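Structure file work05.cif with mmCIF, C-alpha atoms:
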```cif
data_input
loop_
_atom_site.label_atom_id
_atom_site.label_comp_id
_atom_site.auth_asym_id
_atom_site.auth_seq_id
_atom_site.Cartn_x
_atom_site.Cartn_y
_atom_site.Cartn_z
CA MET W 1271 -119.47 154.99 -120.62
CA LYS W 1272 -121.97 152.19 -121.29
CA ARG W 1273 -120.97 148.56 -121.11
CA THR W 1274 -122.74 145.19 -121.29
CA LEU W 1275 -121.96 141.95 -119.44
CA ALA W 1276 -123.49 138.49 -120.03
CA PHE W 1277 -124.13 136.16 -117.07
CA PRO W 1278 -124.55 132.36 -117.27
CA PRO W 1279 -127.66 130.68 -115.77
CA PHE W 1280 -127.53 128.93 -112.39
CA GLN W 1281 -127.82 125.54 -114.10
CA ASP W 1282 -124.41 126.11 -115.76
CA VAL W 1283 -122.85 126.80 -112.37
CA VAL W 1284 -124.40 123.60 -110.95
CA ASP W 1285 -123.02 121.61 -113.91
CA PHE W 1286 -119.61 123.31 -113.85
CA ASP W 1287 -116.68 120.88 -113.57
CA TYR W 1288 -114.56 122.31 -110.77
CA THR W 1289 -112.25 119.28 -110.89
CA ALA W 1290 -110.85 120.36 -114.27
CA PRO W 1291 -107.05 120.92 -114.00
CA TYR W 1292 -107.12 124.65 -114.78
CA PHE W 1293 -109.65 125.25 -112.01
CA ALA W 1294 -107.80 122.99 -109.55
CA ARG W 1295 -104.77 125.25 -110.05
CA LYS W 1296 -106.94 128.19 -109.04
CA PHE W 1297 -107.87 126.43 -105.79
CA LYS W 1298 -104.22 126.45 -104.80
CA ARG W 1299 -104.35 130.24 -104.87
CA THR W 1300 -107.88 130.99 -103.61
CA GLY W 1301 -108.54 128.08 -101.24
CA PRO W 1302 -111.30 125.47 -101.23
CA SER W 1303 -114.25 127.78 -100.39
CA TYR W 1304 -116.13 126.99 -103.60
CA VAL W 1305 -116.03 123.22 -103.05
CA VAL W 1306 -117.00 123.65 -99.38
CA THR W 1307 -120.19 125.48 -100.42
CA LYS W 1308 -120.92 122.71 -102.95
CA ILE W 1309 -120.60 120.11 -100.16
CA LEU W 1310 -122.85 122.09 -97.79
CA GLN W 1311 -125.43 122.55 -100.54
CA ARG W 1312 -125.33 118.80 -101.28
CA PHE W 1313 -125.92 118.11 -97.56
CA ARG W 1314 -129.04 120.34 -97.69
CA ASP W 1315 -130.34 118.77 -100.91
CA THR W 1316 -129.91 115.21 -99.54
CA ASN W 1317 -131.03 115.71 -95.93
CA LYS W 1318 -133.71 118.38 -96.55
CA ARG W 1319 -132.10 120.50 -93.80
CA ASP W 1320 -128.81 122.22 -92.92
CA PRO W 1321 -126.20 120.89 -90.46
CA ALA W 1322 -127.51 121.44 -86.91
CA PRO W 1323 -125.66 121.85 -83.58
CA SER W 1324 -127.98 119.22 -82.00
CA THR W 1325 -126.69 116.55 -84.42
CA ARG W 1326 -123.17 117.95 -84.66
CA ASN W 1327 -121.00 114.80 -84.77
CA GLU W 1328 -123.36 112.91 -87.02
CA ASP W 1329 -123.59 115.88 -89.43
CA ILE W 1330 -119.81 116.33 -89.61
CA GLU W 1331 -119.54 112.61 -90.51
CA LYS W 1332 -122.10 113.12 -93.29
CA LEU W 1333 -120.22 116.19 -94.57
CA LEU W 1334 -116.93 114.29 -94.63
CA ALA W 1335 -118.62 111.47 -96.58
CA ILE W 1336 -119.88 114.00 -99.16
CA ARG W 1337 -116.40 115.55 -99.23
CA ASP W 1338 -114.90 112.13 -100.04
CA GLU W 1339 -117.41 111.77 -102.87
CA ILE W 1340 -117.29 115.18 -104.58
CA GLY W 1341 -114.28 117.02 -103.16
CA ASN W 1342 -111.66 114.44 -102.26
CA GLY W 1343 -108.20 115.94 -101.93
CA LEU W 1344 -109.58 119.46 -102.29
CA VAL W 1345 -111.04 120.14 -98.84
CA PRO W 1346 -109.34 119.44 -95.47
CA ASP W 1347 -111.22 117.83 -92.53
CA THR W 1348 -110.95 121.09 -90.59
CA ALA W 1349 -113.25 122.90 -93.05
CA PHE W 1350 -116.36 121.60 -91.29
CA VAL W 1351 -115.74 122.89 -87.78
CA HIS W 1352 -117.69 126.14 -88.21
CA VAL W 1353 -120.68 125.21 -90.37
CA PHE W 1354 -123.52 125.60 -87.84
CA ALA W 1355 -126.11 128.41 -87.70
CA GLN W 1356 -124.84 131.69 -89.19
CA VAL W 1357 -121.96 133.66 -87.73
CA SER W 1358 -123.16 137.25 -87.77
CA PRO W 1359 -120.04 138.99 -89.22
CA VAL W 1360 -120.06 136.52 -92.12
CA ALA W 1361 -123.78 137.13 -92.70
CA ALA W 1362 -122.96 140.87 -92.72
CA ILE W 1363 -120.15 140.43 -95.26
CA VAL W 1364 -122.05 138.15 -97.66
CA GLY W 1365 -125.30 140.12 -97.15
CA GLY W 1366 -123.42 143.38 -97.71
CA GLU W 1367 -121.94 142.14 -100.96
CA LEU W 1368 -125.24 140.68 -102.19
CA SER W 1369 -127.29 143.79 -101.44
CA GLN W 1370 -124.66 146.04 -103.00
CA GLU W 1371 -124.95 143.91 -106.14
CA VAL W 1372 -128.76 144.25 -106.04
CA ILE W 1373 -128.40 148.04 -105.85
CA LYS W 1374 -125.86 148.05 -108.70
CA ALA W 1375 -128.18 145.86 -110.81
CA VAL W 1376 -131.21 148.09 -110.19
CA SER W 1377 -129.39 151.42 -110.62
CA GLN W 1378 -127.43 150.15 -113.65
CA LYS W 1379 -124.42 151.98 -112.28
CA GLU W 1380 -120.93 150.47 -111.85
CA ALA W 1381 -119.74 147.05 -113.04
CA PRO W 1382 -121.41 144.13 -111.24
CA HIS W 1383 -119.51 141.14 -109.86
CA LEU W 1384 -119.34 138.30 -112.40
CA ASN W 1385 -120.62 135.96 -111.01
CA VAL W 1386 -119.92 134.19 -107.68
CA PHE W 1387 -118.76 135.85 -104.45
CA LEU W 1388 -117.11 133.56 -101.89
CA PHE W 1389 -116.03 134.10 -98.30
CA ASP W 1390 -112.97 132.19 -97.11
CA PRO W 1391 -113.07 131.88 -93.29
CA VAL W 1392 -109.44 130.69 -93.10
CA LYS W 1393 -108.02 133.85 -94.70
CA CYS W 1394 -111.02 135.86 -93.50
CA CYS W 1395 -111.29 137.26 -96.98
CA GLY W 1396 -114.00 137.59 -99.61
CA PHE W 1397 -113.30 137.25 -103.33
CA VAL W 1398 -115.14 137.08 -106.66
CA GLU W 1399 -114.77 134.00 -108.86
CA GLU W 1400 -115.95 133.53 -112.44
CA ILE W 1401 -117.74 130.17 -112.61
CA ALA W 1402 -118.99 128.84 -115.97
CA THR W 1403 -118.75 132.29 -117.57
CA ASN W 1404 -116.61 131.45 -120.62
CA MET D 271 -131.18 150.82 -121.41
CA VAL D 272 -129.42 153.10 -118.97
CA GLU D 273 -131.88 155.97 -119.26
CA ASN D 274 -133.95 158.37 -117.21
CA ASN D 275 -137.14 156.59 -116.12
CA GLY D 276 -139.22 159.75 -115.66
CA ILE D 277 -139.74 159.14 -111.92
CA GLU D 278 -139.43 162.13 -109.60
CA LEU D 279 -138.53 161.85 -105.92
CA THR D 280 -140.69 163.58 -103.30
CA GLU D 281 -139.14 166.23 -101.06
CA ASP D 282 -139.10 163.78 -98.13
CA GLU D 283 -137.32 161.16 -100.22
CA ALA D 284 -134.76 163.64 -101.51
CA GLU D 285 -134.03 164.65 -97.90
CA LEU D 286 -133.88 161.10 -96.46
CA TYR D 287 -131.70 159.76 -99.28
CA ASP D 288 -129.51 162.88 -99.55
CA ARG D 289 -126.25 161.18 -98.55
CA GLN D 290 -126.67 158.19 -100.80
CA ILE D 291 -127.71 160.43 -103.71
CA ARG D 292 -124.33 162.16 -103.23
CA LEU D 293 -122.73 158.72 -103.42
CA TRP D 294 -124.47 157.18 -106.45
CA GLY D 295 -126.34 160.09 -108.05
CA LEU D 296 -129.96 161.21 -108.49
CA GLU D 297 -130.62 159.05 -111.56
CA SER D 298 -129.56 155.92 -109.66
CA GLN D 299 -131.83 156.82 -106.76
CA LYS D 300 -134.77 157.26 -109.15
CA ARG D 301 -134.18 153.79 -110.61
CA ILE D 302 -133.86 152.29 -107.12
CA ARG D 303 -137.14 154.05 -106.21
CA THR D 304 -139.09 151.90 -108.73
CA ALA D 305 -137.58 148.48 -107.88
CA ARG D 306 -139.74 145.65 -106.47
CA ILE D 307 -137.58 143.12 -104.60
CA LEU D 308 -138.36 139.58 -103.42
CA ILE D 309 -136.30 138.23 -100.51
CA SER D 310 -137.01 134.55 -99.84
CA GLY D 311 -135.53 133.05 -96.65
CA LEU D 312 -135.40 135.35 -93.62
CA ASN D 313 -132.45 133.87 -91.75
CA GLY D 314 -129.46 135.98 -90.66
CA LEU D 315 -128.31 136.51 -94.23
CA GLY D 316 -131.86 137.39 -95.34
CA ALA D 317 -132.14 139.93 -92.52
CA GLU D 318 -128.87 141.61 -93.56
CA ILE D 319 -129.98 141.85 -97.18
CA ALA D 320 -133.46 143.09 -96.21
CA LYS D 321 -131.96 145.81 -94.00
CA ASN D 322 -129.56 147.10 -96.68
CA ILE D 323 -132.15 147.07 -99.45
CA ILE D 324 -134.90 148.69 -97.36
CA LEU D 325 -132.50 151.47 -96.31
CA SER D 326 -131.57 152.12 -99.96
CA GLY D 327 -135.15 153.26 -100.75
CA VAL D 328 -136.61 150.72 -103.18
CA LYS D 329 -140.33 150.69 -104.04
CA SER D 330 -141.22 147.45 -102.26
CA VAL D 331 -139.65 144.48 -100.49
CA THR D 332 -141.54 141.19 -100.17
CA LEU D 333 -140.38 138.97 -97.29
CA LEU D 334 -141.21 135.37 -98.21
CA ASP D 335 -140.68 132.57 -95.69
CA ASP D 336 -142.74 129.60 -94.44
CA LYS D 337 -140.35 128.68 -91.60
CA PRO D 338 -140.59 129.62 -87.90
CA VAL D 339 -138.00 131.59 -85.91
CA THR D 340 -135.62 129.17 -84.12
CA ASP D 341 -132.97 129.66 -81.43
CA SER D 342 -130.14 129.38 -83.94
CA ASP D 343 -131.53 132.43 -85.78
CA PHE D 344 -130.33 134.59 -82.89
CA CYS D 345 -126.71 134.29 -83.93
CA SER D 346 -127.51 136.81 -86.65
CA GLN D 347 -131.24 137.37 -87.36
CA PHE D 348 -131.60 140.82 -85.79
CA LEU D 349 -135.00 141.66 -87.33
CA ALA D 350 -136.95 139.04 -85.36
CA PRO D 351 -137.30 139.75 -81.61
CA HIS D 352 -136.12 137.00 -79.25
CA GLU D 353 -139.59 136.38 -77.81
CA ASN D 354 -140.87 135.46 -81.29
CA VAL D 355 -139.39 131.94 -81.37
CA GLY D 356 -141.94 129.70 -83.09
CA LEU D 357 -143.61 132.51 -85.04
CA ASN D 358 -143.22 132.81 -88.81
CA ARG D 359 -139.83 134.38 -89.65
CA ALA D 360 -141.11 136.81 -92.27
CA GLU D 361 -143.95 137.99 -90.04
CA ALA D 362 -141.65 138.30 -87.01
CA SER D 363 -139.28 140.48 -89.09
CA LEU D 364 -141.91 142.93 -90.32
CA PHE D 365 -142.02 145.45 -87.46
CA ARG D 366 -138.28 146.15 -87.26
CA ALA D 367 -137.92 146.01 -91.06
CA GLN D 368 -140.63 148.64 -91.54
CA ALA D 369 -139.12 150.82 -88.79
CA LEU D 370 -135.90 151.05 -90.84
CA ASN D 371 -137.68 153.02 -93.56
CA PRO D 372 -141.40 153.90 -93.49
CA MET D 373 -141.28 154.95 -97.18
CA VAL D 374 -140.71 151.42 -98.48
CA GLU D 375 -143.70 149.11 -98.89
CA ILE D 376 -142.99 145.83 -97.07
CA ILE D 377 -145.11 142.76 -97.80
CA VAL D 378 -145.07 139.54 -95.76
CA ASP D 379 -145.75 136.21 -97.48
CA LYS D 380 -145.82 133.05 -95.33
CA GLU D 381 -145.97 130.48 -98.12
CA ASN D 382 -143.26 128.10 -99.36
CA VAL D 383 -141.19 129.48 -102.27
CA ALA D 384 -141.15 126.02 -103.91
CA GLU D 385 -144.95 126.01 -104.17
CA LYS D 386 -145.25 129.40 -105.87
CA PRO D 387 -146.48 129.35 -109.50
CA ASP D 388 -144.25 130.82 -112.24
CA GLU D 389 -146.40 133.97 -112.48
CA TYR D 390 -145.72 134.83 -108.83
CA PHE D 391 -142.13 135.82 -109.70
CA HIS D 392 -143.13 138.00 -112.66
CA ARG D 393 -144.20 140.88 -110.38
CA PHE D 394 -140.61 141.49 -109.19
CA ASP D 395 -137.60 143.26 -110.69
CA VAL D 396 -135.13 141.39 -108.47
CA VAL D 397 -135.45 137.94 -106.86
CA VAL D 398 -133.13 136.91 -103.99
CA LEU D 399 -133.22 133.28 -102.77
CA ILE D 400 -131.67 132.12 -99.48
CA GLU D 401 -131.74 128.69 -97.82
CA VAL D 402 -133.28 126.86 -100.79
CA PRO D 403 -132.51 123.42 -102.31
CA THR D 404 -130.71 123.37 -105.68
CA PRO D 405 -133.78 122.38 -107.81
CA VAL D 406 -135.68 125.43 -106.49
CA SER D 407 -132.80 127.77 -107.41
CA ILE D 408 -132.63 126.30 -110.92
CA ARG D 409 -136.39 126.54 -111.46
CA VAL D 410 -136.73 130.13 -110.21
CA ASN D 411 -133.61 131.19 -112.13
CA ASN D 412 -135.13 129.86 -115.36
CA ILE D 413 -138.40 131.70 -114.67
CA CYS D 414 -136.43 134.91 -114.07
CA ARG D 415 -134.34 134.51 -117.24
CA LEU D 416 -137.47 134.28 -119.40
CA LYS D 417 -138.67 137.62 -118.02
CA GLY D 418 -135.38 139.50 -117.63
CA ILE D 419 -135.67 139.54 -113.82
CA LYS D 420 -132.37 140.00 -111.98
CA PHE D 421 -131.62 136.87 -109.95
CA PHE D 422 -129.49 136.23 -106.86
CA VAL D 423 -128.96 133.23 -104.61
CA GLY D 424 -126.82 133.19 -101.47
CA ASP D 425 -126.17 131.26 -98.28
CA VAL D 426 -124.18 131.36 -95.08
CA TRP D 427 -123.34 128.16 -93.19
CA GLY D 428 -121.44 128.97 -90.01
CA MET D 429 -118.41 130.88 -91.28
CA HIS D 430 -118.75 129.82 -94.92
CA GLY D 431 -120.78 131.82 -97.40
CA TYR D 432 -121.36 132.59 -101.07
CA ALA D 433 -123.53 134.70 -103.35
CA PHE D 434 -124.39 133.91 -106.97
CA THR D 435 -125.51 136.59 -109.44
CA ASP D 436 -127.39 136.20 -112.73
CA LEU D 437 -128.20 139.55 -114.38
CA GLN D 438 -128.51 137.90 -117.85
CA GLU D 439 -127.57 140.59 -120.41
CA HIS D 440 -126.85 143.55 -118.19
CA GLU D 441 -126.19 147.07 -119.45
CA PHE D 442 -124.65 149.55 -117.05
CA ALA D 443 -122.88 152.90 -116.91
CA GLU D 444 -119.48 153.40 -115.31
#
```

The structure in this file should be written as structure tokens.
Amino acid sequence: MKRTLAFPPFQDVVDFDYTAPYFARKFKRTGPSYVVTKILQRFRDTNKRDPAPSTRNEDIEKLLAIRDEIGNGLVPDTAFVHVFAQVSPVAAIVGGELSQEVIKAVSQKEAPHLNVFLFDPVKCCGFVEEIATN
Amino acid sequence: MVENNGIELTEDEAELYDRQIRLWGLESQKRIRTARILISGLNGLGAEIAKNIILSGVKSVTLLDDKPVTDSDFCSQFLAPHENVGLNRAEASLFRAQALNPMVEIIVDKENVAEKPDEYFHRFDVVVLIEVPTPVSIRVNNICRLKGIKFFVGDVWGMHGYAFTDLQEHEFAE
């Protein structure tokens, strides 16, 4: 059976209002992973680098300040304990999902994930979220 | 269109990819065989993606990165040997990446993804961005959308990670 799916551009995901009430209700179920990635991305965009173990305390302070600005009430302080370098099992999970999606896209076989995959380190669980798909 | 692309696999390819052909079928393997993939950002996540895609038997994988190997890469970047700290990450990853599958063409590019002209991306079927600032993701995504190139962006920070997919209008069989 042939099917077609339409994906939104990255710009729409950047502009997506995750503070809208219906999405906030989702957070209660799935956890704050999406907002945590937004905060980490904002840190990179502002500081032109990622959080580093050599500047650990200073970087956690900066992340908490960004959290207060764009994710207040959504993300607990404890979310920023493990944000340094890349923990290999997590790289394997996210890299496994992403490369499987590349293979699905190229082979045009099986339904792809629409459109954001997130890994929640608290539940140790990956899940797919539709962001700005309408 | 989900159609036969007229490509035939060699005997060596059919033998090497035998188990995955049983999994996803000969037609899928033939489509994979023609795919040209760009992977930008050879950190731990980039190494994982490169490994999986090279093993699948695509046509070519371009490893694009202008950064050097650092100590924190050794939490997860298994393609670059430990003694290569300070060398370019894409170049340091080449030997082990090629050893995974000699039938895939692997190209190293040591330039900055943000400085690449629009036309650079047109030669690929799939573009994967890792460790890039938001404006770069938006720009490259727009370039890919104009040409129907499948686009992915992903990151891992410590124990947090995500992957975004934009396949535009995507037709598939299931």

Distance query W:Glu1339 at most 12 Å, all atoms listed in the file, self and fewer than 3 positions along chain excluded, as a ChimeraX atom specification: /W:1305,1308-1309,1312-1313,1332-1336,1342-1345

Would you kindly return, as a compact mmCIF listing (two decimals) with C-alpha atoms, in the coordinates of the input, each protein, DNA or RNA residue with an atom no farther than 12 Å from any atom of W:Pro1279, considering only C-alpha atoms and excluding same-chain residues fewer than 3 positions away?
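The new file result-v2.txt reads:
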```txt
# COMPACT_ATOMS: atom_id res chain seq x y z
CA ALA W 1276 -123.49 138.49 -120.03
CA ASP W 1282 -124.41 126.11 -115.76
CA VAL W 1283 -122.85 126.80 -112.37
CA VAL W 1284 -124.40 123.60 -110.95
CA ASP W 1285 -123.02 121.61 -113.91
CA PHE W 1286 -119.61 123.31 -113.85
CA LEU W 1384 -119.34 138.30 -112.40
CA ASN W 1385 -120.62 135.96 -111.01
CA VAL W 1386 -119.92 134.19 -107.68
CA ILE W 1401 -117.74 130.17 -112.61
CA ALA W 1402 -118.99 128.84 -115.97
CA THR W 1403 -118.75 132.29 -117.57
CA SER D 407 -132.80 127.77 -107.41
CA ILE D 408 -132.63 126.30 -110.92
CA ARG D 409 -136.39 126.54 -111.46
CA VAL D 410 -136.73 130.13 -110.21
CA ASN D 411 -133.61 131.19 -112.13
CA ASN D 412 -135.13 129.86 -115.36
CA ILE D 413 -138.40 131.70 -114.67
CA CYS D 414 -136.43 134.91 -114.07
CA ARG D 415 -134.34 134.51 -117.24
CA LEU D 416 -137.47 134.28 -119.40
CA GLY D 418 -135.38 139.50 -117.63
CA LYS D 420 -132.37 140.00 -111.98
CA PHE D 421 -131.62 136.87 -109.95
CA PHE D 422 -129.49 136.23 -106.86
CA VAL D 423 -128.96 133.23 -104.61
CA PHE D 434 -124.39 133.91 -106.97
CA THR D 435 -125.51 136.59 -109.44
CA ASP D 436 -127.39 136.20 -112.73
CA LEU D 437 -128.20 139.55 -114.38
CA GLN D 438 -128.51 137.90 -117.85
CA GLU D 439 -127.57 140.59 -120.41
```

Surrounding residues of stretch 292-295 of chain D excluding itself and chain neighbours under 6 positions, 10 Å, only C-alpha atoms, as a PyMOL selection string: chain W and resi 1373-1374+1377+1379-1380

Distance query D:Pro372 at most 10 Å, all atoms listed in the file, self and fewer than 6 positions along chain excluded, as a ChimeraX atom specification: /D:324-325,327

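Closest approach to chain D among W:Tyr1304, W:Phe1293, W:Phe1350, W:Phe1387 is made by W:Phe1387 (distances from only C-alpha atoms).
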
Neighbour residues at most 10 Å from (-131.8, 133.8, -86.6) (all atoms listed in the file) as a ChimeraX atom specification: /W:1355-1358 /D:312-317,338-352,355,359

Give me the result of the PyMOL selection byres ((chain W and resi 1381) around 9) on this file, residue by residue, as a PDB file with C-alpha atoms, in the frame of the given file.
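Full text of selection-v3.pdb as output:
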```pdb
ATOM      1  CA  ARG W1273    -120.970 148.560-121.110  1.00  0.00           C
ATOM      2  CA  THR W1274    -122.740 145.190-121.290  1.00  0.00           C
ATOM      3  CA  LEU W1275    -121.960 141.950-119.440  1.00  0.00           C
ATOM      4  CA  LYS W1374    -125.860 148.050-108.700  1.00  0.00           C
ATOM      5  CA  ALA W1375    -128.180 145.860-110.810  1.00  0.00           C
ATOM      6  CA  GLN W1378    -127.430 150.150-113.650  1.00  0.00           C
ATOM      7  CA  LYS W1379    -124.420 151.980-112.280  1.00  0.00           C
ATOM      8  CA  GLU W1380    -120.930 150.470-111.850  1.00  0.00           C
ATOM      9  CA  PRO W1382    -121.410 144.130-111.240  1.00  0.00           C
ATOM     10  CA  HIS W1383    -119.510 141.140-109.860  1.00  0.00           C
ATOM     11  CA  LEU W1384    -119.340 138.300-112.400  1.00  0.00           C
TER      12      LEU W1384
ATOM     13  CA  PHE D 442    -124.650 149.550-117.050  1.00  0.00           C
ATOM     14  CA  ALA D 443    -122.880 152.900-116.910  1.00  0.00           C
ATOM     15  CA  GLU D 444    -119.480 153.400-115.310  1.00  0.00           C
TER      16      GLU D 444
END
```

One-decimal distance in Å that lies between atom CA of D:His392 and atom CA of D:Ala369: 27.4 Å

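Comparing the minimum interatomic distances between chain D and each of W:Thr1325, W:Thr1300, W:Ser1369, W:Asn1404, counting all atoms listed in the file, we find that W:Ser1369 sits nearest.
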
Write out as a PDB file with C-alpha atoms, in the frame of the given file each polymer residue whose atoms come within 12 Å of W:Ala1349, counting all atoms listed in the file; drop sequence neighbours fewer than 5 positions from it.
```pdb
ATOM      1  CA  GLY W1301    -108.540 128.080-101.240  1.00  0.00           C
ATOM      2  CA  PRO W1302    -111.300 125.470-101.230  1.00  0.00           C
ATOM      3  CA  SER W1303    -114.250 127.780-100.390  1.00  0.00           C
ATOM      4  CA  TYR W1304    -116.130 126.990-103.600  1.00  0.00           C
ATOM      5  CA  VAL W1305    -116.030 123.220-103.050  1.00  0.00           C
ATOM      6  CA  VAL W1306    -117.000 123.650 -99.380  1.00  0.00           C
ATOM      7  CA  THR W1307    -120.190 125.480-100.420  1.00  0.00           C
ATOM      8  CA  ILE W1309    -120.600 120.110-100.160  1.00  0.00           C
ATOM      9  CA  LEU W1310    -122.850 122.090 -97.790  1.00  0.00           C
ATOM     10  CA  ILE W1330    -119.810 116.330 -89.610  1.00  0.00           C
ATOM     11  CA  LEU W1333    -120.220 116.190 -94.570  1.00  0.00           C
ATOM     12  CA  LEU W1334    -116.930 114.290 -94.630  1.00  0.00           C
ATOM     13  CA  ARG W1337    -116.400 115.550 -99.230  1.00  0.00           C
ATOM     14  CA  GLY W1341    -114.280 117.020-103.160  1.00  0.00           C
ATOM     15  CA  LEU W1344    -109.580 119.460-102.290  1.00  0.00           C
ATOM     16  CA  PHE W1354    -123.520 125.600 -87.840  1.00  0.00           C
ATOM     17  CA  ASP W1390    -112.970 132.190 -97.110  1.00  0.00           C
ATOM     18  CA  PRO W1391    -113.070 131.880 -93.290  1.00  0.00           C
ATOM     19  CA  VAL W1392    -109.440 130.690 -93.100  1.00  0.00           C
TER      20      VAL W1392
ATOM     21  CA  TRP D 427    -123.340 128.160 -93.190  1.00  0.00           C
ATOM     22  CA  GLY D 428    -121.440 128.970 -90.010  1.00  0.00           C
ATOM     23  CA  MET D 429    -118.410 130.880 -91.280  1.00  0.00           C
ATOM     24  CA  HIS D 430    -118.750 129.820 -94.920  1.00  0.00           C
TER      25      HIS D 430
END
```

Residue members of the PyMOL selection byres ((chain D and resi 291) around 12) in the file shown, as number ranges by chain: W: 1377; D: 279, 283-290, 292-303, 326-327

Coordinates-based distance that separates atom CA of D:Asn382 from atom CA of D:Gly431 (Å, one decimal): 22.9 Å

Would you mind completing stretch 308-328 of chain D so that it carries N, CA and C atoms, and writing it out as a CSV table (one decimal), in the frame of the given file?
```csv
chain,number,residue,atom,x,y,z
D,308,LEU,N,-137.9,140.8,-104.2
D,308,LEU,CA,-138.4,139.6,-103.4
D,308,LEU,C,-137.2,139.0,-102.6
D,309,ILE,N,-137.3,138.9,-101.3
D,309,ILE,CA,-136.3,138.2,-100.5
D,309,ILE,C,-136.9,137.0,-99.9
D,310,SER,N,-136.5,135.8,-100.3
D,310,SER,CA,-137.0,134.6,-99.8
D,310,SER,C,-136.0,133.9,-98.9
D,311,GLY,N,-136.4,133.7,-97.6
D,311,GLY,CA,-135.5,133.0,-96.6
D,311,GLY,C,-135.0,134.1,-95.7
D,312,LEU,N,-135.7,134.3,-94.6
D,312,LEU,CA,-135.4,135.4,-93.6
D,312,LEU,C,-134.6,134.8,-92.5
D,313,ASN,N,-133.4,134.2,-92.8
D,313,ASN,CA,-132.4,133.9,-91.8
D,313,ASN,C,-131.5,135.1,-91.5
D,314,GLY,N,-130.4,134.9,-90.9
D,314,GLY,CA,-129.5,136.0,-90.7
D,314,GLY,C,-129.0,136.7,-91.9
D,315,LEU,N,-128.7,135.9,-93.0
D,315,LEU,CA,-128.3,136.5,-94.2
D,315,LEU,C,-129.5,137.3,-94.8
D,316,GLY,N,-130.7,136.7,-94.8
D,316,GLY,CA,-131.9,137.4,-95.3
D,316,GLY,C,-132.1,138.7,-94.6
D,317,ALA,N,-131.9,138.7,-93.3
D,317,ALA,CA,-132.1,139.9,-92.5
D,317,ALA,C,-131.2,141.0,-92.9
D,318,GLU,N,-129.9,140.6,-93.1
D,318,GLU,CA,-128.9,141.6,-93.6
D,318,GLU,C,-129.2,142.2,-94.9
D,319,ILE,N,-129.7,141.4,-95.8
D,319,ILE,CA,-130.0,141.8,-97.2
D,319,ILE,C,-131.2,142.7,-97.1
D,320,ALA,N,-132.2,142.3,-96.3
D,320,ALA,CA,-133.5,143.1,-96.2
D,320,ALA,C,-133.1,144.5,-95.7
D,321,LYS,N,-132.3,144.5,-94.6
D,321,LYS,CA,-132.0,145.8,-94.0
D,321,LYS,C,-131.3,146.7,-95.0
D,322,ASN,N,-130.3,146.2,-95.7
D,322,ASN,CA,-129.6,147.1,-96.7
D,322,ASN,C,-130.5,147.6,-97.8
D,323,ILE,N,-131.3,146.7,-98.3
D,323,ILE,CA,-132.2,147.1,-99.4
D,323,ILE,C,-133.3,148.0,-99.0
D,324,ILE,N,-133.8,147.8,-97.8
D,324,ILE,CA,-134.9,148.7,-97.4
D,324,ILE,C,-134.3,150.1,-97.1
D,325,LEU,N,-133.1,150.2,-96.6
D,325,LEU,CA,-132.5,151.5,-96.3
D,325,LEU,C,-132.2,152.2,-97.6
D,326,SER,N,-131.9,151.5,-98.7
D,326,SER,CA,-131.6,152.1,-100.0
D,326,SER,C,-132.7,152.9,-100.6
D,327,GLY,N,-134.0,152.5,-100.2
D,327,GLY,CA,-135.2,153.3,-100.8
D,327,GLY,C,-135.8,152.7,-102.0
D,328,VAL,N,-135.9,151.4,-102.0
D,328,VAL,CA,-136.6,150.7,-103.2
D,328,VAL,C,-138.1,150.9,-103.0
```
